[in-house]
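Content type mmCIF, C-alpha atoms and all ligand atoms, from the file target.cif:
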data_data
#
loop_
_atom_site.label_atom_id
_atom_site.label_comp_id
_atom_site.auth_asym_id
_atom_site.auth_seq_id
_atom_site.Cartn_x
_atom_site.Cartn_y
_atom_site.Cartn_z
CA MET A 1 -61.10 52.74 2.16
CA THR A 2 -57.69 52.52 0.53
CA THR A 3 -57.50 50.08 -2.34
CA ARG A 4 -54.38 48.50 -3.74
CA SER A 5 -54.59 50.67 -6.87
CA ASP A 6 -54.90 53.91 -4.82
CA TYR A 7 -51.76 52.80 -2.99
CA HIS A 8 -49.79 52.34 -6.20
CA GLN A 9 -51.19 55.51 -7.80
CA LEU A 10 -49.43 57.58 -5.14
CA TYR A 11 -46.11 56.62 -6.73
CA ASN A 12 -47.29 58.08 -10.04
CA LEU A 13 -48.00 61.51 -8.58
CA SER A 14 -45.76 64.13 -10.18
CA ALA A 15 -45.28 65.60 -6.69
CA TRP A 16 -43.54 62.32 -5.82
CA ARG A 17 -41.75 61.56 -9.09
CA ARG A 18 -40.61 65.05 -10.04
CA GLN A 19 -40.17 66.70 -6.65
CA LEU A 20 -40.17 64.71 -3.45
CA ARG A 21 -38.17 61.67 -4.58
CA PRO A 22 -35.36 63.49 -6.47
CA GLN A 23 -35.20 66.20 -3.78
CA HIS A 24 -34.85 63.57 -1.08
CA LEU A 25 -32.09 61.73 -2.98
CA ALA A 26 -30.22 65.00 -3.52
CA ARG A 27 -30.42 65.70 0.22
CA GLU A 28 -29.62 62.14 1.31
CA PRO A 29 -27.57 60.40 -1.43
CA LEU A 30 -26.39 57.49 0.77
CA CYS A 31 -28.11 54.48 2.36
CA ARG A 32 -29.05 55.54 5.91
CA ALA A 33 -28.88 52.00 7.33
CA CYS A 34 -25.44 51.31 5.78
CA LEU A 35 -24.18 54.64 7.14
CA ARG A 36 -25.21 53.55 10.67
CA ARG A 37 -22.95 50.53 10.17
CA GLY A 38 -20.11 52.77 8.94
CA ILE A 39 -20.56 51.87 5.26
CA VAL A 40 -20.73 54.72 2.74
CA ASN A 41 -23.12 53.27 0.16
CA ASP A 42 -24.21 55.40 -2.79
CA GLY A 43 -26.12 52.48 -4.28
CA SER A 44 -23.08 50.75 -5.79
CA LEU A 45 -22.49 48.43 -2.78
CA THR A 46 -24.30 45.62 -0.99
CA ALA A 47 -25.46 46.11 2.62
CA SER A 48 -22.23 44.43 3.77
CA GLY A 49 -20.12 46.97 1.88
CA GLU A 50 -19.06 44.80 -1.03
CA ARG A 51 -19.39 45.85 -4.65
CA GLN A 52 -22.91 45.17 -5.89
CA THR A 53 -22.43 42.74 -8.79
CA ASN A 54 -26.10 42.72 -9.81
CA PRO A 55 -26.59 45.84 -11.98
CA ARG A 56 -30.37 45.70 -11.33
CA ARG A 57 -29.72 46.23 -7.62
CA ARG A 58 -27.40 49.20 -8.11
CA PHE A 59 -29.76 51.99 -7.05
CA LEU A 60 -31.08 53.69 -3.94
CA ALA A 61 -34.66 53.39 -2.74
CA VAL A 62 -36.58 56.22 -1.12
CA ASP A 63 -38.38 54.49 1.72
CA HIS A 64 -41.24 55.65 3.94
CA ILE A 65 -40.15 55.35 7.58
CA VAL A 66 -43.70 55.08 8.86
CA PRO A 67 -45.63 52.90 6.38
CA HIS A 68 -48.06 55.22 4.57
CA ARG A 69 -50.61 52.48 3.79
CA GLY A 70 -52.08 54.70 1.08
CA ASP A 71 -52.32 57.79 3.32
CA ARG A 72 -51.51 60.69 1.00
CA ALA A 73 -50.31 63.08 3.72
CA LEU A 74 -47.94 60.48 5.19
CA PHE A 75 -46.81 59.51 1.69
CA LEU A 76 -45.92 63.11 0.79
CA ASP A 77 -44.32 64.04 4.14
CA PRO A 78 -40.63 64.83 3.38
CA GLU A 79 -39.74 64.05 7.03
CA ASN A 80 -41.06 60.51 6.62
CA LEU A 81 -38.47 59.55 3.99
CA GLN A 82 -35.15 57.73 4.24
CA THR A 83 -32.68 56.53 1.61
CA LEU A 84 -31.98 52.79 1.64
CA CYS A 85 -30.00 50.41 -0.57
CA PRO A 86 -32.07 47.55 -2.03
CA ASP A 87 -30.68 45.08 0.57
CA ASP A 88 -31.67 47.25 3.52
CA HIS A 89 -34.98 48.13 1.89
CA ASP A 90 -35.84 44.42 1.55
CA ARG A 91 -34.78 43.67 5.14
CA ASN A 92 -36.79 46.60 6.44
CA LYS A 93 -39.86 45.54 4.53
CA GLN A 94 -39.62 41.95 5.77
CA ARG A 95 -39.26 43.09 9.38
CA LEU A 96 -42.18 45.47 8.98
CA GLU A 97 -44.38 42.80 7.45
CA ALA A 98 -43.56 40.35 10.22
CA ARG A 99 -44.26 42.87 12.99
CA GLY A 100 -46.81 45.15 11.37
CA TYR A 101 -45.11 48.38 12.49
CA SER A 102 -41.87 50.31 12.16
CA GLU A 103 -39.29 50.42 14.97
CA GLU A 104 -37.98 53.76 13.67
CA ARG A 105 -37.72 56.37 16.43
CA GLY A 106 -37.81 60.16 16.40
CA PRO A 107 -35.16 62.44 17.95
CA ASP A 108 -36.90 62.06 21.34
CA GLY A 109 -36.55 58.27 21.17
CA TRP A 110 -40.28 57.68 20.86
CA PRO A 111 -41.50 55.31 18.07
CA LEU A 112 -42.80 57.25 15.04
CA ASP A 113 -45.25 54.66 13.76
CA PRO A 114 -48.81 55.24 15.05
CA ASN A 115 -49.22 51.44 14.88
CA HIS A 116 -46.31 50.82 17.26
CA PRO A 117 -47.64 49.29 20.53
CA ALA A 118 -46.25 52.32 22.46
CA ASN A 119 -48.60 54.61 20.49
CA ARG A 120 -51.75 52.54 20.74
ZN ZN A 201 -27.83 49.83 2.96
#

Translate the structure described by the file into structure tokens.
Ligand SMILES: [Zn+2]
Amino acid sequence: MTTRSDYHQLYNLSAWRRQLRPQHLAREPLCRACLRRGIVNDGSLTASGERQTNPRRRFLAVDHIVPHRGDRALFLDPENLQTLCPDDHDRNKQRLEARGYSEERGPDGWPLDPNHPANR
């Protein structure tokens, strides 16, 4: 069983902090969701493309496309990562929590999340 503390401990792994996260940000230094809307956001803008006035929200989050729910392999899968600004990260999380699965799709158009109804 995955406990809440196991879940949070994953973020303390040096494989995540020293390798995966910085490597992902170097490869994808812009919010993926903003880019889809034509906004080039390096973490200094809001999701609507305006200057982010809150300095505590001027950063980029490395998000797991398919929620890892404490699964170490899914957590450490470099293909399961996307860069998001804090606004898009919050929106994504709220949508995910409401639905319980990610709508993110692979190159073939099929939903990636094993919990998506199409994969059950
Ligand atoms: Zn964004």

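Residues in contact with ligand ZN 201 (chain A) comprise A:Cys31, A:Ala33, A:Cys34, A:Ala47, A:Leu84, A:Cys85, A:Asp88, where contact means an atom-to-atom distance of at most 6 Å counting all atoms listed in the file.
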
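Of the listed residues (A:His24, A:Arg57, A:Arg17, A:His8), A:Arg57 comes nearest to Asp90 of chain A; the distances count only C-alpha atoms.
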
Mind checking which residues fall within 9 Å of Gly100 of chain A, counting only C-alpha atoms, ignoring those fewer than 5 positions away in the same chain, and posting them as a VMD selection string?
-> chain A and resid 95 115 to 116

Output C-alpha atoms for every residue in that selection, as a JSON list (two decimals), keeping the file's coordinate frame.
[["chain", "number", "residue", "atom", "x", "y", "z"],
["A", 95, "ARG", "CA", -39.26, 43.09, 9.38],
["A", 115, "ASN", "CA", -49.22, 51.44, 14.88],
["A", 116, "HIS", "CA", -46.31, 50.82, 17.26]]

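If you look at atom CA of Arg72 of chain A and atom CA of Gly43 of chain A, they are 27.2 Å away from each other.
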
Go ahead and compute the interatomic distance for atom CA of Ile65 of chain A and atom CA of Glu50 of chain A, in Å to one decimal.
->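 According to the coordinates, atom CA of Ile65 of chain A and atom CA of Glu50 of chain A are separated by 25.1 Å.
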
Expressed in Å to a single decimal, how great is the separation between atom CA of Arg120 of chain A and atom CA of Glu104 of chain A?
->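 A separation of 15.5 Å between them.
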
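Closest approach to Asn119 of chain A among A:Glu103, A:Thr53, A:Arg69, A:Pro86 is made by A:Glu103 (distances from only C-alpha atoms).
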
Please output segment 60-89 of chain A, rebuilt to include N, CA and C atoms, as a PDB file, keeping the file's coordinate frame.
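File written: out_22.pdb
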ATOM      1  N   LEU A  60     -30.665  53.381  -5.310  1.00  0.00           N
ATOM      2  CA  LEU A  60     -31.080  53.690  -3.940  1.00  0.00           C
ATOM      3  C   LEU A  60     -32.596  53.850  -3.917  1.00  0.00           C
ATOM      4  N   ALA A  61     -33.211  53.286  -2.897  1.00  0.00           N
ATOM      5  CA  ALA A  61     -34.660  53.390  -2.740  1.00  0.00           C
ATOM      6  C   ALA A  61     -34.979  54.515  -1.778  1.00  0.00           C
ATOM      7  N   VAL A  62     -36.070  55.241  -2.074  1.00  0.00           N
ATOM      8  CA  VAL A  62     -36.580  56.220  -1.120  1.00  0.00           C
ATOM      9  C   VAL A  62     -37.722  55.539  -0.372  1.00  0.00           C
ATOM     10  N   ASP A  63     -37.471  55.294   0.911  1.00  0.00           N
ATOM     11  CA  ASP A  63     -38.380  54.490   1.720  1.00  0.00           C
ATOM     12  C   ASP A  63     -39.189  55.363   2.673  1.00  0.00           C
ATOM     13  N   HIS A  64     -40.426  54.961   2.935  1.00  0.00           N
ATOM     14  CA  HIS A  64     -41.240  55.650   3.940  1.00  0.00           C
ATOM     15  C   HIS A  64     -40.972  55.033   5.304  1.00  0.00           C
ATOM     16  N   ILE A  65     -40.522  55.841   6.254  1.00  0.00           N
ATOM     17  CA  ILE A  65     -40.150  55.350   7.580  1.00  0.00           C
ATOM     18  C   ILE A  65     -41.385  54.766   8.267  1.00  0.00           C
ATOM     19  N   VAL A  66     -42.415  55.571   8.371  1.00  0.00           N
ATOM     20  CA  VAL A  66     -43.700  55.080   8.860  1.00  0.00           C
ATOM     21  C   VAL A  66     -44.488  54.641   7.629  1.00  0.00           C
ATOM     22  N   PRO A  67     -44.912  53.377   7.572  1.00  0.00           N
ATOM     23  CA  PRO A  67     -45.630  52.900   6.380  1.00  0.00           C
ATOM     24  C   PRO A  67     -46.842  53.789   6.099  1.00  0.00           C
ATOM     25  N   HIS A  68     -46.980  54.264   4.846  1.00  0.00           N
ATOM     26  CA  HIS A  68     -48.060  55.220   4.570  1.00  0.00           C
ATOM     27  C   HIS A  68     -49.406  54.532   4.358  1.00  0.00           C
ATOM     28  N   ARG A  69     -49.381  53.261   4.005  1.00  0.00           N
ATOM     29  CA  ARG A  69     -50.610  52.480   3.790  1.00  0.00           C
ATOM     30  C   ARG A  69     -51.649  53.237   2.965  1.00  0.00           C
ATOM     31  N   GLY A  70     -51.161  53.974   1.959  1.00  0.00           N
ATOM     32  CA  GLY A  70     -52.080  54.700   1.080  1.00  0.00           C
ATOM     33  C   GLY A  70     -52.492  56.068   1.601  1.00  0.00           C
ATOM     34  N   ASP A  71     -52.010  56.472   2.766  1.00  0.00           N
ATOM     35  CA  ASP A  71     -52.320  57.790   3.320  1.00  0.00           C
ATOM     36  C   ASP A  71     -51.481  58.851   2.602  1.00  0.00           C
ATOM     37  N   ARG A  72     -52.180  59.717   1.859  1.00  0.00           N
ATOM     38  CA  ARG A  72     -51.510  60.690   1.000  1.00  0.00           C
ATOM     39  C   ARG A  72     -50.625  61.656   1.783  1.00  0.00           C
ATOM     40  N   ALA A  73     -51.079  62.125   2.927  1.00  0.00           N
ATOM     41  CA  ALA A  73     -50.310  63.080   3.720  1.00  0.00           C
ATOM     42  C   ALA A  73     -49.014  62.440   4.219  1.00  0.00           C
ATOM     43  N   LEU A  74     -49.114  61.215   4.691  1.00  0.00           N
ATOM     44  CA  LEU A  74     -47.940  60.480   5.190  1.00  0.00           C
ATOM     45  C   LEU A  74     -47.004  60.146   4.035  1.00  0.00           C
ATOM     46  N   PHE A  75     -47.595  59.830   2.881  1.00  0.00           N
ATOM     47  CA  PHE A  75     -46.810  59.510   1.690  1.00  0.00           C
ATOM     48  C   PHE A  75     -45.988  60.707   1.239  1.00  0.00           C
ATOM     49  N   LEU A  76     -46.579  61.906   1.311  1.00  0.00           N
ATOM     50  CA  LEU A  76     -45.920  63.110   0.790  1.00  0.00           C
ATOM     51  C   LEU A  76     -45.166  63.898   1.864  1.00  0.00           C
ATOM     52  N   ASP A  77     -45.038  63.338   3.070  1.00  0.00           N
ATOM     53  CA  ASP A  77     -44.320  64.040   4.140  1.00  0.00           C
ATOM     54  C   ASP A  77     -42.806  63.865   3.962  1.00  0.00           C
ATOM     55  N   PRO A  78     -42.076  64.966   3.642  1.00  0.00           N
ATOM     56  CA  PRO A  78     -40.630  64.830   3.380  1.00  0.00           C
ATOM     57  C   PRO A  78     -39.862  64.316   4.604  1.00  0.00           C
ATOM     58  N   GLU A  79     -40.409  64.519   5.807  1.00  0.00           N
ATOM     59  CA  GLU A  79     -39.740  64.050   7.030  1.00  0.00           C
ATOM     60  C   GLU A  79     -39.911  62.549   7.235  1.00  0.00           C
ATOM     61  N   ASN A  80     -40.789  61.950   6.457  1.00  0.00           N
ATOM     62  CA  ASN A  80     -41.060  60.510   6.620  1.00  0.00           C
ATOM     63  C   ASN A  80     -40.257  59.669   5.629  1.00  0.00           C
ATOM     64  N   LEU A  81     -39.219  60.266   5.018  1.00  0.00           N
ATOM     65  CA  LEU A  81     -38.470  59.550   3.990  1.00  0.00           C
ATOM     66  C   LEU A  81     -37.060  59.211   4.465  1.00  0.00           C
ATOM     67  N   GLN A  82     -36.551  58.069   4.014  1.00  0.00           N
ATOM     68  CA  GLN A  82     -35.150  57.730   4.240  1.00  0.00           C
ATOM     69  C   GLN A  82     -34.621  57.009   3.002  1.00  0.00           C
ATOM     70  N   THR A  83     -33.320  57.197   2.736  1.00  0.00           N
ATOM     71  CA  THR A  83     -32.680  56.530   1.610  1.00  0.00           C
ATOM     72  C   THR A  83     -32.154  55.177   2.075  1.00  0.00           C
ATOM     73  N   LEU A  84     -32.473  54.135   1.325  1.00  0.00           N
ATOM     74  CA  LEU A  84     -31.980  52.790   1.640  1.00  0.00           C
ATOM     75  C   LEU A  84     -31.466  52.102   0.385  1.00  0.00           C
ATOM     76  N   CYS A  85     -30.425  51.267   0.539  1.00  0.00           N
ATOM     77  CA  CYS A  85     -30.000  50.410  -0.570  1.00  0.00           C
ATOM     78  C   CYS A  85     -31.025  49.281  -0.690  1.00  0.00           C
ATOM     79  N   PRO A  86     -31.071  48.599  -1.849  1.00  0.00           N
ATOM     80  CA  PRO A  86     -32.070  47.550  -2.030  1.00  0.00           C
ATOM     81  C   PRO A  86     -32.011  46.464  -0.941  1.00  0.00           C
ATOM     82  N   ASP A  87     -30.805  46.104  -0.485  1.00  0.00           N
ATOM     83  CA  ASP A  87     -30.680  45.080   0.570  1.00  0.00           C
ATOM     84  C   ASP A  87     -31.378  45.532   1.843  1.00  0.00           C
ATOM     85  N   ASP A  88     -31.072  46.755   2.286  1.00  0.00           N
ATOM     86  CA  ASP A  88     -31.670  47.250   3.520  1.00  0.00           C
ATOM     87  C   ASP A  88     -33.163  47.491   3.349  1.00  0.00           C
ATOM     88  N   HIS A  89     -33.558  47.916   2.157  1.00  0.00           N
ATOM     89  CA  HIS A  89     -34.980  48.130   1.890  1.00  0.00           C
ATOM     90  C   HIS A  89     -35.747  46.817   2.023  1.00  0.00           C
TER      91      HIS A  89
END
